[in-house]
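**Q** input.txt is reproduced in full below (compact mmCIF, C-alpha atoms).
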```txt
# COMPACT_ATOMS: atom_id res chain seq x y z
CA MET A 1 168.62 133.23 62.68
CA LYS A 2 165.85 132.43 60.20
CA LYS A 3 164.20 135.80 60.86
CA ILE A 4 167.48 137.62 60.34
CA GLN A 5 168.10 135.78 57.08
CA PHE A 6 164.55 136.50 55.93
CA ALA A 7 165.06 140.20 56.66
CA LYS A 8 168.30 140.19 54.66
CA ASP A 9 166.60 138.46 51.74
CA VAL A 10 163.58 140.78 51.77
CA LEU A 11 165.22 144.13 52.52
CA PRO A 12 166.81 144.87 49.09
CA GLY A 13 163.52 144.44 47.24
CA VAL A 14 161.55 146.44 49.82
CA LEU A 15 164.09 149.26 49.62
CA LEU A 16 163.82 149.27 45.83
CA CYS A 17 160.04 149.54 46.12
CA ALA A 18 160.45 152.31 48.69
CA ALA A 19 162.80 154.22 46.36
CA ILE A 20 160.28 154.01 43.51
CA ALA A 21 157.51 155.07 45.90
CA ALA A 22 159.56 158.10 46.98
CA ILE A 23 160.22 159.08 43.37
CA SER A 24 156.49 158.67 42.67
CA TYR A 25 155.61 161.04 45.51
CA GLY A 26 158.16 163.48 44.11
CA ALA A 27 156.73 163.19 40.60
CA GLU A 28 153.23 163.87 41.93
CA TRP A 29 154.45 166.91 43.89
CA LEU A 30 156.28 168.26 40.83
CA GLU A 31 153.21 167.71 38.67
CA VAL A 32 150.98 169.66 41.08
CA HIS A 33 153.64 172.36 41.53
CA LEU A 34 154.04 172.91 37.78
CA THR A 35 150.45 172.46 36.58
CA GLY A 36 148.35 173.17 39.67
CA GLN A 37 146.49 169.88 39.13
CA ARG A 38 146.98 166.19 39.87
CA PHE A 39 146.52 164.43 36.54
CA ILE A 40 148.41 161.29 37.57
CA ASP A 41 148.41 160.07 41.17
CA ALA A 42 151.50 158.76 42.97
CA LEU A 43 149.98 155.26 42.91
CA VAL A 44 149.88 155.30 39.12
CA PHE A 45 153.38 156.79 38.91
CA ALA A 46 154.60 153.88 41.08
CA ILE A 47 153.17 151.31 38.66
CA LEU A 48 154.58 153.05 35.59
CA LEU A 49 158.03 153.57 37.09
CA GLY A 50 158.21 149.99 38.38
CA THR A 51 157.20 148.60 35.00
CA ALA A 52 159.69 150.83 33.19
CA TYR A 53 162.51 149.78 35.55
CA HIS A 54 161.87 146.06 35.02
CA SER A 55 161.31 146.33 31.27
CA ILE A 56 164.45 148.42 30.67
CA ALA A 57 166.94 147.28 33.32
CA GLY A 58 165.51 143.91 34.33
CA LEU A 59 165.06 142.76 37.92
CA HIS A 60 168.08 141.27 39.66
CA PRO A 61 167.33 138.04 41.60
CA ARG A 62 168.36 139.68 44.87
CA PHE A 63 165.25 141.89 44.62
CA HIS A 64 162.76 139.09 43.93
CA ARG A 65 161.81 138.13 47.50
CA GLY A 66 161.42 141.72 48.65
CA VAL A 67 159.33 142.67 45.62
CA HIS A 68 157.11 139.62 46.18
CA PHE A 69 156.82 140.50 49.89
CA SER A 70 155.83 144.07 49.04
CA ALA A 71 153.32 143.03 46.40
CA LYS A 72 151.65 140.44 48.62
CA THR A 73 152.17 140.88 52.37
CA LEU A 74 152.40 144.68 52.47
CA LEU A 75 149.37 144.90 50.19
CA GLU A 76 147.38 142.58 52.46
CA LEU A 77 148.29 144.73 55.47
CA ALA A 78 147.22 147.84 53.55
CA ILE A 79 143.81 146.29 52.87
CA VAL A 80 143.34 145.47 56.56
CA PHE A 81 144.24 149.04 57.60
CA LEU A 82 141.91 150.38 54.93
CA GLY A 83 139.01 148.65 56.67
CA ALA A 84 139.42 151.03 59.60
CA SER A 85 138.39 153.98 57.42
CA LEU A 86 135.09 152.41 56.37
CA SER A 87 131.84 151.82 58.20
CA LEU A 88 129.48 148.88 57.74
CA SER A 89 126.86 151.41 56.69
CA VAL A 90 128.68 151.59 53.35
CA ILE A 91 127.61 148.00 52.63
CA THR A 92 124.16 148.16 54.22
CA GLY A 93 123.48 151.33 52.26
CA MET A 94 124.12 149.45 49.03
CA GLY A 95 121.32 146.97 49.58
CA GLY A 96 121.04 143.37 48.50
CA LEU A 97 120.63 144.33 44.85
CA LEU A 98 124.26 145.32 44.43
CA VAL A 99 125.48 142.12 46.10
CA ALA A 100 123.38 140.09 43.66
CA VAL A 101 124.62 142.19 40.73
CA VAL A 102 128.28 141.67 41.67
CA ALA A 103 127.80 137.90 41.95
CA GLY A 104 125.87 137.82 38.67
CA VAL A 105 128.49 139.88 36.83
CA VAL A 106 131.26 137.51 37.97
CA VAL A 107 129.38 134.44 36.71
CA VAL A 108 128.39 136.01 33.39
CA ALA A 109 131.88 137.47 32.86
CA ILE A 110 133.51 134.06 33.39
CA LEU A 111 131.19 132.45 30.84
CA VAL A 112 131.65 135.25 28.29
CA SER A 113 135.42 135.40 28.75
CA TYR A 114 135.72 131.62 28.47
CA ALA A 115 133.69 131.68 25.25
CA ILE A 116 135.93 134.43 23.85
CA GLY A 117 139.06 132.47 24.69
CA ARG A 118 137.78 129.29 23.11
CA SER A 119 136.63 131.13 19.99
CA LEU A 120 140.17 132.50 19.61
CA GLY A 121 141.62 129.00 19.76
CA LEU A 122 142.79 128.86 23.40
CA HIS A 123 142.56 125.39 24.91
CA ARG A 124 140.23 124.76 27.86
CA GLN A 125 142.67 125.33 30.75
CA LEU A 126 144.15 128.52 29.33
CA ALA A 127 140.71 129.91 28.47
CA LEU A 128 139.56 129.20 32.05
CA LEU A 129 142.61 130.89 33.56
CA VAL A 130 142.04 134.00 31.45
CA ALA A 131 138.35 133.98 32.37
CA CYS A 132 139.00 133.66 36.12
CA GLY A 133 141.74 136.28 36.11
CA ASN A 134 139.57 138.71 34.19
CA SER A 135 136.36 138.15 36.13
CA ILE A 136 137.50 137.83 39.76
CA CYS A 137 140.86 139.11 40.95
CA GLY A 138 143.64 138.76 38.42
CA ASN A 139 146.75 136.86 39.50
CA SER A 140 145.23 135.52 42.72
CA ALA A 141 142.37 133.87 40.85
CA ILE A 142 144.75 132.47 38.22
CA VAL A 143 147.07 130.97 40.85
CA ALA A 144 144.13 129.53 42.81
CA ALA A 145 142.44 128.04 39.76
CA ALA A 146 145.56 126.58 38.12
CA PRO A 147 145.98 123.44 40.29
CA VAL A 148 142.25 122.80 40.35
CA ILE A 149 141.96 122.60 36.55
CA GLU A 150 145.45 121.04 36.22
CA ALA A 151 146.83 123.89 34.13
CA GLU A 152 150.41 123.84 32.84
CA SER A 153 152.99 126.32 34.14
CA ASP A 154 153.27 127.92 30.69
CA ASP A 155 149.53 128.66 30.75
CA VAL A 156 149.82 130.23 34.19
CA ALA A 157 152.75 132.41 33.07
CA ALA A 158 150.94 133.58 29.94
CA SER A 159 147.76 134.37 31.91
CA ILE A 160 149.64 136.33 34.56
CA ALA A 161 151.54 138.28 31.90
CA PHE A 162 148.34 139.50 30.26
CA THR A 163 146.75 140.27 33.64
CA ALA A 164 149.70 142.42 34.70
CA ALA A 165 149.75 144.45 31.49
CA LEU A 166 146.01 144.88 31.05
CA GLY A 167 145.55 145.68 34.73
CA ILE A 168 147.84 148.68 34.37
CA ALA A 169 146.09 149.76 31.17
CA VAL A 170 142.69 149.67 32.90
CA VAL A 171 144.00 151.71 35.84
CA LEU A 172 145.22 154.40 33.44
CA LEU A 173 142.23 154.47 31.10
CA LEU A 174 139.27 154.06 33.47
CA PRO A 175 139.64 157.45 35.24
CA LEU A 176 139.93 159.12 31.83
CA GLY A 177 136.67 157.45 30.82
CA ALA A 178 135.02 158.71 33.99
CA ARG A 179 135.93 162.30 33.12
CA MET A 180 135.01 161.88 29.45
CA PHE A 181 131.53 160.50 30.18
CA ASP A 182 131.02 162.57 33.37
CA ILE A 183 130.41 159.52 35.58
CA GLY A 184 129.58 160.35 39.21
CA GLN A 185 131.74 159.15 42.09
CA HIS A 186 129.12 156.64 43.29
CA SER A 187 128.62 154.93 39.92
CA TYR A 188 132.31 155.13 39.05
CA GLY A 189 133.33 153.45 42.32
CA ILE A 190 131.00 150.54 41.58
CA LEU A 191 132.25 150.32 37.99
CA ALA A 192 135.90 150.28 39.09
CA GLY A 193 135.19 147.66 41.74
CA MET A 194 133.52 145.41 39.18
CA THR A 195 136.09 145.75 36.39
CA VAL A 196 139.59 146.41 37.78
CA TYR A 197 141.63 143.27 38.43
CA ALA A 198 143.36 143.72 41.79
CA VAL A 199 142.55 145.57 45.01
CA PRO A 200 145.54 147.97 44.84
CA GLN A 201 144.66 148.73 41.24
CA VAL A 202 141.13 149.64 42.37
CA LEU A 203 142.68 152.14 44.75
CA ALA A 204 144.85 153.57 41.97
CA ALA A 205 141.84 153.85 39.66
CA THR A 206 139.55 155.49 42.23
CA VAL A 207 141.82 157.80 44.24
CA PRO A 208 142.00 160.39 41.41
CA VAL A 209 138.18 160.50 41.27
CA GLY A 210 137.29 160.87 44.94
CA ALA A 211 136.87 159.35 48.41
CA ILE A 212 133.39 157.99 47.73
CA SER A 213 134.71 156.11 44.70
CA VAL A 214 137.54 154.67 46.81
CA GLN A 215 135.16 153.35 49.46
CA LEU A 216 132.61 151.87 47.07
CA GLY A 217 135.24 150.51 44.70
CA THR A 218 137.10 148.75 47.51
CA VAL A 219 134.00 147.12 48.97
CA VAL A 220 132.67 145.99 45.58
CA LYS A 221 136.08 144.62 44.65
CA LEU A 222 136.27 142.61 47.88
CA MET A 223 132.82 141.22 47.10
CA ARG A 224 134.26 139.98 43.81
CA VAL A 225 137.23 138.44 45.62
CA LEU A 226 134.83 136.55 47.89
CA MET A 227 133.44 134.88 44.77
CA LEU A 228 136.79 133.10 44.36
CA GLY A 229 135.84 130.36 46.84
CA PRO A 230 132.56 129.30 45.17
CA VAL A 231 134.11 129.51 41.69
CA ILE A 232 137.10 127.32 42.67
CA LEU A 233 134.75 124.75 44.21
CA VAL A 234 132.61 124.65 41.06
CA LEU A 235 135.71 124.34 38.84
CA GLY A 236 137.01 121.51 40.99
CA LEU A 237 133.73 119.62 40.86
CA SER A 238 133.34 120.12 37.12
CA SER A 239 136.96 119.15 36.46
CA GLY A 240 136.76 116.05 38.59
CA THR A 241 140.16 116.72 40.17
CA ARG A 242 141.22 115.67 43.64
CA THR A 243 142.71 119.01 44.53
CA THR A 244 139.48 120.49 45.88
CA GLY A 245 139.60 118.17 48.86
CA SER A 246 142.94 119.64 49.92
CA LEU A 247 141.79 123.26 49.68
CA LYS A 248 141.71 125.00 53.03
CA ILE A 249 139.52 127.85 54.17
CA ARG A 250 142.44 130.32 53.90
CA HIS A 251 142.59 129.59 50.15
CA LEU A 252 138.90 130.35 49.71
CA VAL A 253 138.65 133.33 52.08
CA PRO A 254 142.04 135.10 52.36
CA TRP A 255 142.98 136.33 55.83
CA PHE A 256 143.22 139.96 54.75
CA ILE A 257 139.56 140.00 53.70
CA VAL A 258 138.63 138.73 57.16
CA GLY A 259 140.88 141.40 58.64
CA PHE A 260 139.35 144.10 56.44
CA PHE A 261 135.81 143.33 57.54
CA ALA A 262 136.91 142.91 61.17
CA MET A 263 138.37 146.42 61.13
CA MET A 264 135.22 147.69 59.46
CA LEU A 265 133.08 146.14 62.23
CA LEU A 266 135.31 147.68 64.91
CA ARG A 267 134.94 151.08 63.26
CA THR A 268 131.17 150.64 62.99
CA ALA A 269 130.91 149.69 66.67
CA ASN A 270 133.08 152.69 67.65
CA LEU A 271 135.63 150.35 69.22
CA LEU A 272 138.50 152.02 67.37
CA PRO A 273 139.70 155.29 68.93
CA GLN A 274 138.93 158.12 66.52
CA TRP A 275 142.50 159.38 66.64
CA THR A 276 143.76 156.09 65.14
CA VAL A 277 141.62 156.25 61.99
CA ALA A 278 143.57 158.93 60.10
CA PRO A 279 147.03 157.41 60.82
CA MET A 280 145.82 153.96 59.72
CA ARG A 281 144.46 155.49 56.53
CA GLU A 282 147.84 157.09 55.85
CA VAL A 283 149.64 153.81 56.56
CA ALA A 284 147.26 152.04 54.16
CA THR A 285 148.06 154.60 51.46
CA LEU A 286 151.83 154.30 51.96
CA LEU A 287 151.75 150.49 51.93
CA THR A 288 149.55 150.56 48.84
CA ILE A 289 152.02 152.74 46.93
CA LEU A 290 154.85 150.40 47.95
CA SER A 291 152.82 147.45 46.68
CA MET A 292 152.04 149.32 43.47
CA ALA A 293 155.75 149.81 42.89
CA ALA A 294 156.21 146.08 43.47
CA LEU A 295 153.35 145.33 41.10
CA GLY A 296 155.08 147.36 38.39
CA LEU A 297 158.43 145.71 39.12
CA ALA A 298 156.81 142.32 38.50
CA VAL A 299 155.83 143.32 34.96
CA ASP A 300 158.11 142.92 31.97
CA ILE A 301 156.37 144.30 28.88
CA ARG A 302 158.50 142.04 26.68
CA SER A 303 157.12 138.91 28.35
CA VAL A 304 153.57 140.09 27.62
CA PHE A 305 154.18 140.07 23.88
CA ALA A 306 156.11 136.82 24.16
CA SER A 307 153.09 135.14 25.79
CA GLY A 308 151.20 135.12 22.52
CA GLY A 309 148.85 137.40 20.65
CA ARG A 310 145.78 135.21 21.14
CA VAL A 311 146.06 135.38 24.93
CA LEU A 312 146.42 139.16 24.81
CA ALA A 313 143.48 139.42 22.40
CA ALA A 314 141.35 137.22 24.65
CA GLY A 315 142.25 139.40 27.63
CA CYS A 316 141.47 142.66 25.81
CA LEU A 317 138.11 141.44 24.53
CA SER A 318 137.25 139.97 27.94
CA ILE A 319 137.93 143.21 29.83
CA LEU A 320 135.91 145.15 27.26
CA ALA A 321 133.02 142.70 27.71
CA LEU A 322 133.27 142.95 31.51
CA THR A 323 133.23 146.75 31.35
CA ALA A 324 130.25 146.74 28.99
CA ILE A 325 128.28 144.31 31.17
CA SER A 326 129.06 146.22 34.38
CA GLY A 327 128.40 149.65 32.87
CA SER A 328 125.09 148.54 31.38
CA LEU A 329 123.84 147.14 34.68
CA ILE A 330 124.92 150.26 36.60
CA TYR A 331 123.08 152.45 34.08
CA PHE A 332 119.84 150.46 33.76
CA LEU A 333 119.58 149.59 37.46
CA ALA A 334 120.57 153.14 38.50
CA LEU A 335 123.23 151.86 40.92
```
As structure tokens - that is how I would like this structure written.
**A**
Amino acid sequence: MKKIQFAKDVLPGVLLCAAIAAISYGAEWLEVHLTGQRFIDALVFAILLGTAYHSIAGLHPRFHRGVHFSAKTLLELAIVFLGASLSLSVITGMGGLLVAVVAGVVVVAILVSYAIGRSLGLHRQLALLVACGNSICGNSAIVAAAPVIEAESDDVAASIAFTAALGIAVVLLLPLGARMFDIGQHSYGILAGMTVYAVPQVLAATVPVGAISVQLGTVVKLMRVLMLGPVILVLGLSSGTRTTGSLKIRHLVPWFIVGFFAMMLLRTANLLPQWTVAPMREVATLLTILSMAALGLAVDIRSVFASGGRVLAAGCLSILALTAISGSLIYFLAL
């Protein structure tokens, strides 16, 4: 009975996400049919349409559970399936330098973002939430850090609001910057992985550029996500809270990251039948677009402005600093 009730609760929101995804596919097809080019991918259309729906019509409570399910669970499944299309050689080919650079960028970005927040008058907890969301993985980092630093619910809401809005802005603007500055797929994939907030947003930002960018961007982004565990431990120790003792391994290393690398290892060892790779890639794409629609549906532009100008300013300056730091390292280290 519980499973049936869960399905009833989740189905309306999932169907709404599916409808937006279908319209997004149609918009992409119409764009290519009329112009002969794909300027905006279906993933980006899904975000924009979802955001427009919520901001104009609102989101009825009956859709909440399904939208949350699509944004979280379906996204996590998409990431696992995506691992089947990558080989471990992608990581080994990067070398230890890139791993060290990703870790270093996360640490420096947190410090810089925190300093920006404090200089704009944000109190310690809010500045830390903005810094973690900007530097690691958006909402997931904010939610994970909040209990550790004993942040108030209003601070969490304000941080998530800025992350949602700026994340979409970065997805839209970063590919344009790649074309403007003629950035190659390899360098662009690394840049996207080090600057974009969430994994599905990395896919949306890299798909229009090319497959190499998608692969590198995804792997680099997951490296950033893996920094969440060490950062949360350090925050807990420095805050002196008791919450770190109750953290479990699943909070520090999410199951979908384990699944992603497990699928990658299976692909590398040729334990996955070749005929399954393409279908799993297509499933990953479909689930990602559904989660992108859900991501847009979770954003209300009005709440972003209601969260306060200083938070939005701190977020904007922080993402600019992160992009500058990442771009400089990619250029000078020839990554």
**Q** Which residue is closest to A:Thr163? Choose from A:Ile232, A:Met180, A:Leu312, A:Val283 and count all atoms listed in the file.
**A**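 Counting all atoms listed in the file, the residue closest to A:Thr163 is A:Leu312.
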**Q** Determine, counting all atoms listed in the file, which protein, DNA and RNA residues have an atom within 8 Å of an atom of A:Phe256; residues of the same chain fewer than 2 positions away are not included. Present the result as a list in words.
**A**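 Residues meeting the cut-off are Glu76, Leu77, Ile79, Val80, Pro254, Val258, Gly259 and Phe260 of chain A.
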**Q** Please measure the separation of atom CA of A:Met263 and atom CA of A:Phe81, giving the value in Å to one decimal.
**A**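 So the two atoms, atom CA of A:Met263 and atom CA of A:Phe81, lie 7.3 Å apart.
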**Q** Counting only C-alpha atoms, which residue out of A:Ala109, A:Ala211, A:Leu174, A:Cys137 sits closest to A:His186?
**A** A:Ala211
**Q** Within 12 Å of A:Gly184, counting all atoms listed in the file, which residues show up once you throw out same-chain ones fewer than 3 positions away? Write them as an NGL selection string, please.
**A** :A and (175 or 177-181 or 187-192 or 206 or 209-213 or 216 or 330-331 or 334-335)
**Q** Determine, counting all atoms listed in the file, which protein, DNA and RNA residues have an atom within 7 Å of an atom of A:Gly50; residues of the same chain fewer than 4 positions away are not included. Present the result as a VMD selection string.
**A** chain A and resid 20 46 54 293 to 294 296 to 297
**Q** Got a sec: who's within 9 Å of A:Ile168, counting all atoms listed in the file, leaving out chain neighbours fewer than 5 positions off, as number ranges by chain?
**A** A: 44, 47-48, 163, 173, 201, 296
**Q** I need the residue nearest A:Cys316 from this list: A:Ala151, A:Leu49, A:Leu120, A:Met292. Use all atoms listed in the file for the distance.
**A**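 Residue with the minimum atom-to-atom distance to A:Cys316: A:Leu120.
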**Q** Work out how far atom CA of A:His68 is from atom CA of A:Val14, in Å to one decimal.
**A**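 Those two atoms sit 8.9 Å apart.
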**Q** Please, what distance in Å, to one decimal, runs between atom CA of A:Ile136 and atom CA of A:Ala18?
**A** 28.6 Å
**Q** Taking every listed atom of stretch 49-59 of chain A and adding 5 Å to each side, what centre and edge lengths in Å (one decimal) does the axis-aligned box have, as AutoDock Vina command-line options?
**A**
```
--center_x 162.1 --center_y 148.2 --center_z 34.5 --size_x 19.7 --size_y 20.8 --size_z 17.7
```
**Q** So, with all atoms listed in the file as the atoms that count, which of A:Leu272, A:Leu111, A:Val101, A:Ala144 lies closest to A:Ala131?
**A**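 Once distances to A:Ala131 are computed over all atoms listed in the file, the minimum belongs to A:Leu111.
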**Q** Return the single residue from A:Ala103, A:Ile116, A:Ala71, A:Met223 that is closest to A:Ala298, with distances computed using all atoms listed in the file.
**A**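 Looking only at the distances to A:Ala298, the closest residue turns out to be A:Ala71.
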**Q** From the set A:His123, A:Thr323, A:Val148, A:Thr73, which residue has the shortest atom-to-atom contact distance to A:Val234, counting all atoms listed in the file?
**A**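 The closest residue to A:Val234 is A:Val148.
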**Q** List the neighbours of stretch 317-321 of chain A out to 9 Å using all atoms listed in the file; skip same-chain residues closer than 5 positions along the sequence, and give me the result as a list in words.
**A** Ala109, Ile110, Val112, Ser113, Tyr114, Ile116, Gly117, Val130, Ala131, Asn134, Ser135, Leu166, Val170, Thr195, Val196, Leu312 and Ser326 of chain A
